[in-house]
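The block underneath contains the structure these notes are about, expressed in structure tokens.
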Amino acid sequence: MSHSSLSALVQEARTTGTLSGLPDGHLINGLRLPSQNGGRMETIDPGTGKAFATFAAGDAADIDAAVAAAQAALTGPWRALTPAQRGRLLLQIATLIRSHGERLAVVESLDSGKTLTEALGDIAGAAATFEYYAGACDKHHGDSIPLGENYLAYTINEPVGVTAHIIPWNYPLSSAARGIAPALAAGCTVVAKPAEQTPLTALMLADICLEAGLPPGVCNVVTGTGRQAGAALVRHPGVHHISFTGSVPTGIDVMQGAAPNVTRLVLELGGKSPVVVLADCDIDAAVSNVLGGIYENAGQICSAGSRLVIDRTIHADFVERLVKRASAMTLGHGLRRPDMGAVNSLPHLEKIAGYVERARARGVSVRCGGQRTSDPETGQGWFYQPTILDQLTPDDEAIREEIFGPVLCVQTFSDLDEAVALANGTDFGLVAGIFTRDFSRAHQLARRIDAGQVYINEYFAGGVSVPFGGNRKSGFGREKGLEALRSYSKLKSVAARISCPEPP
Ligand code: NAD
């Protein structure tokens with residue numbers, strides 16, 4: 001990968017509409033390869049709506065080759081490394097992510113539509129993920145179990161084997177890192193399938209893994225559609241673990257695909273997460289957090305705070321403040337660093353617009369936004385205004401379903417019991433936010449809300465060390481933290497009778 005300054009990269013992308021030197025083939029067994037069927041696809045810049053690169057469209061044959069490479073790598077030099085040596089390789093990957101960070105960020109912004117500021121944050125987060133798991137490699141130890149003096153019993157964490165990673169388009173590099181780093185730390189090998197909308201930074205990460213010295217075949221990336229490449233990967237009998245992030249219907253299909261081989265899996269399927277705001281909170285801080293929780297990445301975040309559940313007595317003033325700030329947000333091509341970038345694809349934009357149009361037709365109060373728009377400088381691209389739907393009932397479609405866009409849905413409560421009922425009132429259980437100065441009530445709410453992660457007084461608080469994952473239709477299993485290492489390990493228990501000399 002070449003090194004150029006951030007401003008030179010942005011200049012090149014803005015003048016030519018693309019970047020030179022983008023990866024264009026699968027990365028299998030250390031080699032950049034075309035699809036065996038010769039297929040190719042285009043990837044589109046959502047900020048312009050125009051294709052800016054092509055990539056290999058793989059299918060079952062390419063998946064077969066990648067899984068075979070990952071299987072072979074399990075028994076090669078990778079296995080001979082000590083955990084501390086693996087840790088040093090992961091640290092080198094983190095260092096290279098940082099040194100190629102500006103190029104990665106510009107590619108991520110072009111491919112996904114997110115702002116360059118957000119992309120730079122994602123790249124820093126991906127490097128931090130590799131650093132965290134680098135340090136964990138030689139600390140992921142088993143236990144010894146006391147059975148008395150005639151026995152020795154202990155547990156060992158063994159790598160689960162070949163791991164498959166199906167990656168979404170909303171956080172392409174950071175989702176890839178979130179799964180690949182702990183899998184490598186645990187001693188596994190990897191076949192990743194990035195989303196067809198955003199294939200490039202996963203390929204660049206695979207290049208970085210090679211540059212860092214990872215043996216060929218340890219980290220493979222096959223690009224292509226979910227239907228052709230993704231479905232073949234999750235159904236492959238040579239895969240021992242699947243990490244899937246995406247929609248509920250696809251998650252169900254992945255689960256069914258995994259069943260015949262009894263393949264282990266972690267499913268991260270999104271949410272409709274509540275932000276519960278009590279009347280005694282720091283209002284200014286809560287307003288900023290609610291805005292960040294829904295408009296970050298144009299709302300395309302599984303853990304977006306997409307429902308504001310607010311005390312009736314402060315609702316009017318609070319929503320007024322939100323409307324004022326949301327209406328002032330700037331939209332535009334991600335590389336110009338506006339407040340909010342583009343929505344990832346045209347079908348997704350249409351899906352978001354459909355939710356708001358149907359809400360409007362039902363008589364829901366649309367307090368701001370509610371329209372598709374375009375880049376004000378070029379008139380191009382796929383954008384949706386920051387939108388607030390007010391006073392929704394618990395059974396409303398906009399409350400029950402994940403819109404996955406910049407649409408905040410507001411519900412009000414009169415007491416804590418009602419707040420809990422509303423917070424738990426969807427099929428999802430991914431995350432929840434709580435804003436109050438009363439820590440006793442904050443922790444009561446944290447206990448009573450069904451979510452995999454709860455943020456108190458800072459939405460998105462935490463980081464790579466804090467386990468993350470959902471309950472109910474948000475999926476199961478946990479990523480991040482030491483918990484993720486356990487996902488990529490098979491626990492073996494050994495119990496032995498040992499002879500002890502008879503006491504004199
Ligand atoms: P999706 O679930 O279809 O795609 C996610 C990933 O799965 C992509 O890599 C895709 O290629 C792959 N995939 C698709 N079908 C597959 C199959 N049958 N077998 C294996 N892999 C397959 O998501 P989408 O269509 O891109 O987005 C639709 C909705 O999903 C969004 O509107 C949003 O609600 C949700 N979503 C959630 C997240 C999240 O972080 N939880 C991320 C992306 C999308």
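We label chains A, B, ... in the order they appear in the structure tokens, count residues from 1 in each chain, and number ligands from 1 in the order shown.
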Task: Residues flagged strand (DSSP E or B) by DSSP in stretch 212-410 of chain A, as a ChimeraX atom specification - done: /A:219-221,241-245,264-268,274-277,307-311,331,340,365-368,372-373,383-384,387-390,407-410
- [ ] Please extract the residues at most 6 Å from ligand 1, counting only C-alpha atoms and all ligand atoms, and provide them as a list in words, using the chain letters and residue numbers of this document.
- [x] Ile166, Ile167, Pro168, Trp169, Asn170, Pro194, Ala195, Glu196, Thr225, Gly226, Arg227, Gly230, Ala231, Thr245, Gly246, Ser247, Thr250, Asp253, Val254, Glu268, Leu269, Gly270, Ile301, Cys302, Glu402 and Phe404 of chain A
Keeping only N, CA and C atoms, write the selected residues to a file as a PDB file, in the first residue's frame.
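Output file selection29.pdb follows:
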```
ATOM      1  N   ILE A 166     -18.940 -12.984   8.423  1.00  0.00           N
ATOM      2  CA  ILE A 166     -19.812 -12.323   7.446  1.00  0.00           C
ATOM      3  C   ILE A 166     -20.008 -10.900   7.947  1.00  0.00           C
ATOM      4  N   ILE A 167     -19.542  -9.955   7.131  1.00  0.00           N
ATOM      5  CA  ILE A 167     -19.350  -8.574   7.603  1.00  0.00           C
ATOM      6  C   ILE A 167     -20.385  -7.643   6.957  1.00  0.00           C
ATOM      7  N   PRO A 168     -20.963  -6.722   7.737  1.00  0.00           N
ATOM      8  CA  PRO A 168     -21.969  -5.804   7.182  1.00  0.00           C
ATOM      9  C   PRO A 168     -21.332  -4.563   6.549  1.00  0.00           C
ATOM     10  N   TRP A 169     -22.177  -3.727   5.953  1.00  0.00           N
ATOM     11  CA  TRP A 169     -21.683  -2.568   5.221  1.00  0.00           C
ATOM     12  C   TRP A 169     -21.630  -1.301   6.064  1.00  0.00           C
ATOM     13  N   ASN A 170     -22.155  -1.318   7.260  1.00  0.00           N
ATOM     14  CA  ASN A 170     -22.224  -0.064   8.018  1.00  0.00           C
ATOM     15  C   ASN A 170     -20.907   0.275   8.721  1.00  0.00           C
ATOM     16  N   PRO A 194     -16.781  -9.797   3.177  1.00  0.00           N
ATOM     17  CA  PRO A 194     -17.351  -8.466   3.425  1.00  0.00           C
ATOM     18  C   PRO A 194     -18.645  -8.255   2.640  1.00  0.00           C
ATOM     19  N   ALA A 195     -19.418  -7.257   3.055  1.00  0.00           N
ATOM     20  CA  ALA A 195     -20.659  -6.939   2.330  1.00  0.00           C
ATOM     21  C   ALA A 195     -20.319  -6.492   0.910  1.00  0.00           C
ATOM     22  N   GLU A 196     -21.179  -6.834  -0.029  1.00  0.00           N
ATOM     23  CA  GLU A 196     -20.928  -6.484  -1.437  1.00  0.00           C
ATOM     24  C   GLU A 196     -20.967  -4.966  -1.668  1.00  0.00           C
ATOM     25  N   THR A 225     -21.471 -11.537  -3.376  1.00  0.00           N
ATOM     26  CA  THR A 225     -22.787 -11.313  -2.757  1.00  0.00           C
ATOM     27  C   THR A 225     -23.015 -12.283  -1.600  1.00  0.00           C
ATOM     28  N   GLY A 226     -23.993 -11.927  -0.778  1.00  0.00           N
ATOM     29  CA  GLY A 226     -24.373 -12.822   0.305  1.00  0.00           C
ATOM     30  C   GLY A 226     -24.958 -14.115  -0.229  1.00  0.00           C
ATOM     31  N   ARG A 227     -25.746 -13.974  -1.287  1.00  0.00           N
ATOM     32  CA  ARG A 227     -26.458 -15.146  -1.828  1.00  0.00           C
ATOM     33  C   ARG A 227     -25.468 -16.160  -2.398  1.00  0.00           C
ATOM     34  N   GLY A 230     -21.594 -15.619   0.512  1.00  0.00           N
ATOM     35  CA  GLY A 230     -21.912 -15.723   1.945  1.00  0.00           C
ATOM     36  C   GLY A 230     -22.592 -17.044   2.277  1.00  0.00           C
ATOM     37  N   ALA A 231     -23.607 -17.390   1.483  1.00  0.00           N
ATOM     38  CA  ALA A 231     -24.370 -18.619   1.772  1.00  0.00           C
ATOM     39  C   ALA A 231     -23.470 -19.844   1.658  1.00  0.00           C
ATOM     40  N   THR A 245     -22.872 -10.568  11.305  1.00  0.00           N
ATOM     41  CA  THR A 245     -23.503  -9.297  11.683  1.00  0.00           C
ATOM     42  C   THR A 245     -24.350  -8.837  10.510  1.00  0.00           C
ATOM     43  N   GLY A 246     -25.621  -8.579  10.760  1.00  0.00           N
ATOM     44  CA  GLY A 246     -26.506  -8.139   9.684  1.00  0.00           C
ATOM     45  C   GLY A 246     -27.949  -8.189  10.127  1.00  0.00           C
ATOM     46  N   SER A 247     -28.832  -8.442   9.172  1.00  0.00           N
ATOM     47  CA  SER A 247     -30.274  -8.348   9.439  1.00  0.00           C
ATOM     48  C   SER A 247     -30.818  -9.636  10.063  1.00  0.00           C
ATOM     49  N   THR A 250     -31.555 -12.498   7.394  1.00  0.00           N
ATOM     50  CA  THR A 250     -30.332 -13.176   6.947  1.00  0.00           C
ATOM     51  C   THR A 250     -29.743 -13.991   8.089  1.00  0.00           C
ATOM     52  N   ASP A 253     -31.374 -17.242   8.178  1.00  0.00           N
ATOM     53  CA  ASP A 253     -30.874 -18.097   7.100  1.00  0.00           C
ATOM     54  C   ASP A 253     -29.483 -18.653   7.436  1.00  0.00           C
ATOM     55  N   VAL A 254     -28.656 -17.812   8.045  1.00  0.00           N
ATOM     56  CA  VAL A 254     -27.304 -18.263   8.434  1.00  0.00           C
ATOM     57  C   VAL A 254     -27.414 -19.379   9.470  1.00  0.00           C
ATOM     58  N   GLU A 268     -25.164 -11.215  15.463  1.00  0.00           N
ATOM     59  CA  GLU A 268     -25.349  -9.835  15.905  1.00  0.00           C
ATOM     60  C   GLU A 268     -26.312  -9.198  14.909  1.00  0.00           C
ATOM     61  N   LEU A 269     -27.581  -9.055  15.322  1.00  0.00           N
ATOM     62  CA  LEU A 269     -28.655  -8.785  14.360  1.00  0.00           C
ATOM     63  C   LEU A 269     -29.346  -7.434  14.508  1.00  0.00           C
ATOM     64  N   GLY A 270     -28.694  -6.504  15.165  1.00  0.00           N
ATOM     65  CA  GLY A 270     -29.296  -5.177  15.192  1.00  0.00           C
ATOM     66  C   GLY A 270     -30.290  -4.983  16.320  1.00  0.00           C
ATOM     67  N   ILE A 301     -26.457   2.066  12.451  1.00  0.00           N
ATOM     68  CA  ILE A 301     -25.686   1.412  13.517  1.00  0.00           C
ATOM     69  C   ILE A 301     -26.638   0.447  14.200  1.00  0.00           C
ATOM     70  N   CYS A 302     -26.175  -0.786  14.377  1.00  0.00           N
ATOM     71  CA  CYS A 302     -27.048  -1.750  15.059  1.00  0.00           C
ATOM     72  C   CYS A 302     -27.402  -1.272  16.450  1.00  0.00           C
ATOM     73  N   GLU A 402     -36.596  -2.097  12.942  1.00  0.00           N
ATOM     74  CA  GLU A 402     -35.334  -1.373  12.821  1.00  0.00           C
ATOM     75  C   GLU A 402     -35.323  -0.622  11.492  1.00  0.00           C
ATOM     76  N   PHE A 404     -32.878   1.662  10.704  1.00  0.00           N
ATOM     77  CA  PHE A 404     -31.460   1.681  10.329  1.00  0.00           C
ATOM     78  C   PHE A 404     -31.118   2.922   9.510  1.00  0.00           C
TER      79      PHE A 404
END
```
Kindly provide the residues of stretch 137-242 of chain A that approach stretch 97-112 of chain A to within 10 Å, each paired with its closest atom pair and their distance in Å to one decimal, based on only C-alpha atoms, listed by chain and increasing number, as a tab-separated table.
```
residue	atom	partner	partner_atom	distance
A:Trp169	CA	A:Ser112	CA	6.7
A:Asn170	CA	A:Ser112	CA	6.8
A:Tyr171	CA	A:Ser112	CA	8.1
A:Pro172	CA	A:Glu108	CA	7.5
A:Leu173	CA	A:Glu108	CA	7.7
A:Gln197	CA	A:Asp111	CA	7.2
A:Thr198	CA	A:Asp111	CA	5.4
A:Pro199	CA	A:Asp111	CA	7.9
A:Leu200	CA	A:Val107	CA	7.2
A:Thr201	CA	A:Leu104	CA	6.4
A:Ala202	CA	A:Leu104	CA	9.7
A:Met204	CA	A:Leu104	CA	7.6
A:Leu205	CA	A:Ile97	CA	7.6
A:Ile208	CA	A:Ile97	CA	7.1
A:Cys209	CA	A:Ile97	CA	9.4
A:Ala212	CA	A:Ile97	CA	10.0
```
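Atom CA of A:Ile456 is positioned 11.9 Å from atom CA of A:Asp282.
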TODO: Using only C-alpha atoms, find the one residue out of A:Arg307, A:Leu430, A:Ala279, A:Gly332 that sits nearest to A:Pro394.
DONE: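 Closest to A:Pro394 of all the choices is A:Arg307.
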Within 12 Å of stretch 57-70 of chain A, which residues of stretch 203-239 of chain A show up? Give each one with its shortest atom-to-atom distance in Å (one decimal) and the two atoms involved, counting only C-alpha atoms, rows by chain then rising residue number, as JSON lines.
```
{"residue": "A:Pro215", "atom": "CA", "partner": "A:Ala70", "partner_atom": "CA", "distance": 10.4}
{"residue": "A:Pro216", "atom": "CA", "partner": "A:Ala69", "partner_atom": "CA", "distance": 8.1}
{"residue": "A:Gly217", "atom": "CA", "partner": "A:Ala69", "partner_atom": "CA", "distance": 4.8}
{"residue": "A:Val218", "atom": "CA", "partner": "A:Ala70", "partner_atom": "CA", "distance": 5.6}
{"residue": "A:Cys219", "atom": "CA", "partner": "A:Ala70", "partner_atom": "CA", "distance": 7.2}
{"residue": "A:Asn220", "atom": "CA", "partner": "A:Ala66", "partner_atom": "CA", "distance": 6.1}
{"residue": "A:Val221", "atom": "CA", "partner": "A:Ala66", "partner_atom": "CA", "distance": 7.6}
{"residue": "A:Val222", "atom": "CA", "partner": "A:Gly58", "partner_atom": "CA", "distance": 6.4}
{"residue": "A:Thr223", "atom": "CA", "partner": "A:Gly58", "partner_atom": "CA", "distance": 5.7}
{"residue": "A:Gly224", "atom": "CA", "partner": "A:Ala57", "partner_atom": "CA", "distance": 4.1}
{"residue": "A:Thr225", "atom": "CA", "partner": "A:Ala57", "partner_atom": "CA", "distance": 6.9}
{"residue": "A:Gly226", "atom": "CA", "partner": "A:Asp59", "partner_atom": "CA", "distance": 9.3}
{"residue": "A:Arg227", "atom": "CA", "partner": "A:Asp59", "partner_atom": "CA", "distance": 8.7}
{"residue": "A:Gln228", "atom": "CA", "partner": "A:Asp59", "partner_atom": "CA", "distance": 4.9}
{"residue": "A:Ala229", "atom": "CA", "partner": "A:Asp59", "partner_atom": "CA", "distance": 4.4}
{"residue": "A:Gly230", "atom": "CA", "partner": "A:Asp59", "partner_atom": "CA", "distance": 8.2}
{"residue": "A:Ala231", "atom": "CA", "partner": "A:Ala60", "partner_atom": "CA", "distance": 8.4}
{"residue": "A:Ala232", "atom": "CA", "partner": "A:Ala60", "partner_atom": "CA", "distance": 5.2}
{"residue": "A:Leu233", "atom": "CA", "partner": "A:Ile63", "partner_atom": "CA", "distance": 6.0}
{"residue": "A:Val234", "atom": "CA", "partner": "A:Ile63", "partner_atom": "CA", "distance": 9.8}
{"residue": "A:Arg235", "atom": "CA", "partner": "A:Ala60", "partner_atom": "CA", "distance": 9.8}
{"residue": "A:His236", "atom": "CA", "partner": "A:Asp64", "partner_atom": "CA", "distance": 7.8}
{"residue": "A:Pro237", "atom": "CA", "partner": "A:Val67", "partner_atom": "CA", "distance": 9.3}
{"residue": "A:Gly238", "atom": "CA", "partner": "A:Val67", "partner_atom": "CA", "distance": 6.5}
{"residue": "A:Val239", "atom": "CA", "partner": "A:Val67", "partner_atom": "CA", "distance": 7.1}
```
Open item on the list: Using DSSP secondary structure from the backbone, list all helix (DSSP H, G or I) positions within stretch 115-242 of chain A, as an NGL selection string.
Closed with: :A and (116-139 or 172-185 or 200-212 or 226-234)
Using only C-alpha atoms, what table do you get, as CSV, when you list each residue of stretch 76-177 of chain A with an atom no more than 6 Å from stretch 339-346 of chain A, its nearest pair of atoms, and their distance in Å rounded to one decimal, rows by chain then rising number?
```
residue,atom,partner,partner_atom,distance
A:Ser112,CA,A:Asn344,CA,5.5
A:Gly113,CA,A:Ala342,CA,4.7
A:Lys114,CA,A:Gly341,CA,4.9
A:Thr115,CA,A:Gly341,CA,5.2
```
